[in-house]
Amino acid sequence: MTSVSEGRFPSSSVPLITRGALRTTLRAGDGVRIEAVYDPCTAGAGAAPGAGDARTAIVVAHGFTGSADRPAVRRAVRVFSQRAAVVTFSFRGHGRSGGRSTVGDREVLDLAAAVAWARSLGHTRIVTAGFSMGGSVVLRHGALYTAPGADAGPGEPGGRTEAHKEAHADAVVSVSAPARWYYRGTAPMRRLHWMVTRPTGRFVGRYGFRTRIDRDDWDPVPLSPVEAAGLIAPRPLLIVHGDRDPYFPLDHPRMLAHAAGGAADLWLEPGMGHAENAADETLLTRIADWAMTR
């Protein structure tokens, strides 16, 4: 499958890097409509070293029940845009996007569409930065979408994704991601599984969290985050996790880093909770600096 927009990207007539904010609708490889937002780099004179590289765009993948317009996502945009242009989008079933959430499975197609759009706007270097569910998606995307001429990797059962010349990332940042699927070892994850697997839970998800959840089980089960982490090298990989994360304990980031075979940078953040809501401006600035210098 490939990832395309509505026919052509609505803003792809811009010959080089666009200078103004844009909002558009993309089409994922399976046809689901995905809302996306582009924010240009705000770096100017006196900016920090590495800031203002017009080649680079950071594509942000939010967590479950988030969206492109949630305050925590917009905070990340404000910080990241001081270093590079930023593309945000709402995963299927979230925000103004169509479809239903598959909680990390087909969402890899949504990310691929956003990356391809960023390249269509003239950016030649793409860093994906995902939080929680988005963190697992950027890992799978990094494993499954490779640069032209590179090894396309093992793919996934059922041909869910394939290498695409416009959709690969050049560096990957995964924040607060699980290492393995079906984890129920904490109370928040048990509540999340209830919301995803039970009709009443999906009703709560739709009307309480504005998240439309697919009722079907995964078939086939997608490549796990820990398997994906070992397939990203030689591209840079950063794994970030808080030591007070109520969803996933520290064995998750350690498993991911171990699977990467020493090729990943691992940041275990004292006092940090979970995902974009817990990422303060200091941490986001460090992530942006990492993205610009790797």
# chains A, B, ... in the order shown; residues from 1 in each chain; ligands from 1

call {"tool": "closest_atom_pairs", "arguments": {"of": "region 132-237 of chain A", "to": "region 88-101 of chain A", "cutoff": "8 Å", "atoms": "only C-alpha atoms", "output": "CSV"}}
result
residue,atom,partner,partner_atom,distance
A:Arg210,CA,A:His94,CA,6.8
A:Thr211,CA,A:His94,CA,5.2
A:Arg212,CA,A:Gly93,CA,4.6
A:Ile213,CA,A:Ser101,CA,4.6
A:Asp214,CA,A:Arg100,CA,5.0

call {"tool": "select_by_dssp", "arguments": {"residues": "region 201-246 of chain A", "states": "helix (DSSP H, G or I)", "output": "list in words"}}
result
Gly201, Arg202, Phe203, Val204, Gly205, Arg206, Tyr207, Gly208, Pro225, Val226, Glu227, Ala228 and Ala229 of chain A

call {"tool": "write_last_selection", "arguments": {"atoms": "N, CA, C and O atoms", "output": "JSON list (two decimals), in the first residue's frame"}}
result
[["chain", "number", "residue", "atom", "x", "y", "z"],
["A", 201, "GLY", "N", -17.30, -0.15, 26.67],
["A", 201, "GLY", "CA", -16.06, 0.62, 26.67],
["A", 201, "GLY", "C", -15.91, 1.45, 25.41],
["A", 201, "GLY", "O", -15.48, 2.62, 25.47],
["A", 202, "ARG", "N", -16.26, 0.88, 24.27],
["A", 202, "ARG", "CA", -16.17, 1.65, 23.01],
["A", 202, "ARG", "C", -17.17, 2.80, 23.00],
["A", 202, "ARG", "O", -16.90, 3.86, 22.42],
["A", 203, "PHE", "N", -18.33, 2.60, 23.64],
["A", 203, "PHE", "CA", -19.30, 3.69, 23.77],
["A", 203, "PHE", "C", -18.69, 4.82, 24.60],
["A", 203, "PHE", "O", -18.80, 6.00, 24.25],
["A", 204, "VAL", "N", -18.03, 4.46, 25.70],
["A", 204, "VAL", "CA", -17.36, 5.47, 26.53],
["A", 204, "VAL", "C", -16.26, 6.16, 25.73],
["A", 204, "VAL", "O", -16.08, 7.38, 25.81],
["A", 205, "GLY", "N", -15.52, 5.38, 24.95],
["A", 205, "GLY", "CA", -14.45, 5.97, 24.14],
["A", 205, "GLY", "C", -14.99, 6.98, 23.14],
["A", 205, "GLY", "O", -14.41, 8.05, 22.95],
["A", 206, "ARG", "N", -16.12, 6.66, 22.53],
["A", 206, "ARG", "CA", -16.68, 7.53, 21.50],
["A", 206, "ARG", "C", -17.24, 8.82, 22.09],
["A", 206, "ARG", "O", -16.98, 9.92, 21.58],
["A", 207, "TYR", "N", -18.00, 8.70, 23.17],
["A", 207, "TYR", "CA", -18.71, 9.87, 23.68],
["A", 207, "TYR", "C", -18.00, 10.53, 24.87],
["A", 207, "TYR", "O", -18.22, 11.72, 25.12],
["A", 208, "GLY", "N", -17.14, 9.78, 25.55],
["A", 208, "GLY", "CA", -16.39, 10.36, 26.65],
["A", 208, "GLY", "C", -15.03, 10.90, 26.24],
["A", 208, "GLY", "O", -14.57, 11.91, 26.78],
["A", 225, "PRO", "N", 6.30, -3.58, 18.85],
["A", 225, "PRO", "CA", 7.30, -2.52, 18.98],
["A", 225, "PRO", "C", 8.70, -3.03, 19.24],
["A", 225, "PRO", "O", 9.67, -2.51, 18.69],
["A", 226, "VAL", "N", 8.84, -4.05, 20.08],
["A", 226, "VAL", "CA", 10.18, -4.55, 20.39],
["A", 226, "VAL", "C", 10.81, -5.21, 19.16],
["A", 226, "VAL", "O", 12.03, -5.11, 18.95],
["A", 227, "GLU", "N", 10.02, -5.87, 18.34],
["A", 227, "GLU", "CA", 10.56, -6.41, 17.09],
["A", 227, "GLU", "C", 10.95, -5.30, 16.14],
["A", 227, "GLU", "O", 11.99, -5.36, 15.47],
["A", 228, "ALA", "N", 10.12, -4.26, 16.09],
["A", 228, "ALA", "CA", 10.39, -3.14, 15.17],
["A", 228, "ALA", "C", 11.65, -2.39, 15.57],
["A", 228, "ALA", "O", 12.42, -1.93, 14.71],
["A", 229, "ALA", "N", 11.90, -2.25, 16.88],
["A", 229, "ALA", "CA", 13.05, -1.47, 17.34],
["A", 229, "ALA", "C", 14.36, -2.03, 16.82],
["A", 229, "ALA", "O", 15.32, -1.28, 16.61]]

call {"tool": "select_by_dssp", "arguments": {"residues": "region 58-217 of chain A", "states": "strand (DSSP E or B)", "output": "PyMOL selection string"}}
result
chain A and resi 58-61+85-89+101+125-131+171-175+213

call {"tool": "residues_around", "arguments": {"residues": "Asp216 (chain A)", "least_positions_apart": "6", "cutoff": "12 Å", "atoms": "only C-alpha atoms", "output": "PDB file with N, CA and C atoms, in the first residue's frame"}}
result
ATOM      1  N   ARG A 100     -11.929   4.425  12.031  1.00  0.00           N
ATOM      2  CA  ARG A 100     -11.969   4.026  13.435  1.00  0.00           C
ATOM      3  C   ARG A 100     -10.567   3.636  13.887  1.00  0.00           C
ATOM      4  N   SER A 101     -10.281   3.905  15.144  1.00  0.00           N
ATOM      5  CA  SER A 101      -8.965   3.578  15.682  1.00  0.00           C
ATOM      6  C   SER A 101      -8.764   2.070  15.742  1.00  0.00           C
ATOM      7  N   THR A 102      -7.605   1.613  15.287  1.00  0.00           N
ATOM      8  CA  THR A 102      -7.203   0.219  15.458  1.00  0.00           C
ATOM      9  C   THR A 102      -6.100   0.116  16.516  1.00  0.00           C
ATOM     10  N   VAL A 103      -5.919   1.168  17.289  1.00  0.00           N
ATOM     11  CA  VAL A 103      -5.041   1.196  18.472  1.00  0.00           C
ATOM     12  C   VAL A 103      -3.612   0.788  18.121  1.00  0.00           C
ATOM     13  N   ASP A 105      -2.438  -0.398  14.894  1.00  0.00           N
ATOM     14  CA  ASP A 105      -2.229  -1.302  13.763  1.00  0.00           C
ATOM     15  C   ASP A 105      -2.175  -0.520  12.453  1.00  0.00           C
ATOM     16  N   VAL A 196     -11.323  -0.701  24.800  1.00  0.00           N
ATOM     17  CA  VAL A 196     -11.109  -1.133  23.425  1.00  0.00           C
ATOM     18  C   VAL A 196     -11.894  -2.395  23.093  1.00  0.00           C
ATOM     19  N   THR A 197     -12.031  -3.318  24.050  1.00  0.00           N
ATOM     20  CA  THR A 197     -12.561  -4.643  23.734  1.00  0.00           C
ATOM     21  C   THR A 197     -14.038  -4.830  24.057  1.00  0.00           C
ATOM     22  N   ARG A 198     -14.630  -3.936  24.839  1.00  0.00           N
ATOM     23  CA  ARG A 198     -16.018  -4.117  25.267  1.00  0.00           C
ATOM     24  C   ARG A 198     -16.931  -3.101  24.581  1.00  0.00           C
ATOM     25  N   PRO A 199     -18.144  -3.507  24.198  1.00  0.00           N
ATOM     26  CA  PRO A 199     -19.065  -2.554  23.579  1.00  0.00           C
ATOM     27  C   PRO A 199     -19.319  -1.327  24.447  1.00  0.00           C
ATOM     28  N   ARG A 202     -16.261   0.878  24.269  1.00  0.00           N
ATOM     29  CA  ARG A 202     -16.165   1.646  23.015  1.00  0.00           C
ATOM     30  C   ARG A 202     -17.170   2.800  23.002  1.00  0.00           C
TER      31      ARG A 202
END

call {"tool": "residues_around", "arguments": {"residues": "Ala171 (chain A)", "least_positions_apart": "4", "cutoff": "7 Å", "atoms": "only C-alpha atoms", "output": "list of chain:residue names"}}
result
A:Ile126, A:Val127, A:Thr128, A:Arg235, A:Pro236, A:Leu237

call {"tool": "residues_around", "arguments": {"residues": "Ala187 (chain A)", "least_positions_apart": "4", "cutoff": "9 Å", "atoms": "only C-alpha atoms", "output": "list in words"}}
result
Arg191, Leu192, Pro246 and Tyr247 of chain A

call {"tool": "closest_residue", "arguments": {"among": "A:Tyr182, A:Leu266, A:Trp218, A:Glu276", "to": "Ser67 (chain A)", "atoms": "only C-alpha atoms"}}
result
A:Glu276

call {"tool": "atom_distance", "arguments": {"atom1": "CA of Phe248 (chain A)", "atom2": "CA of Ala279 (chain A)"}}
result
15.4 Å

call {"tool": "closest_residue", "arguments": {"among": "A:Tyr38, A:Trp267, A:Phe209, A:Phe131", "to": "Thr65 (chain A)", "atoms": "only C-alpha atoms"}}
result
A:Phe209

call {"tool": "closest_residue", "arguments": {"among": "A:Ile34, A:His62, A:Arg140, A:Asp170", "to": "Thr293 (chain A)", "atoms": "only C-alpha atoms"}}
result
A:Asp170

call {"tool": "closest_residue", "arguments": {"among": "A:Ala116, A:Thr42, A:Ala257, A:Thr285", "to": "Ala21 (chain A)", "atoms": "only C-alpha atoms"}}
result
A:Thr42

call {"tool": "closest_residue", "arguments": {"among": "A:Ala143, A:Leu284, A:Val240, A:Met133", "to": "Met189 (chain A)", "atoms": "only C-alpha atoms"}}
result
A:Met133
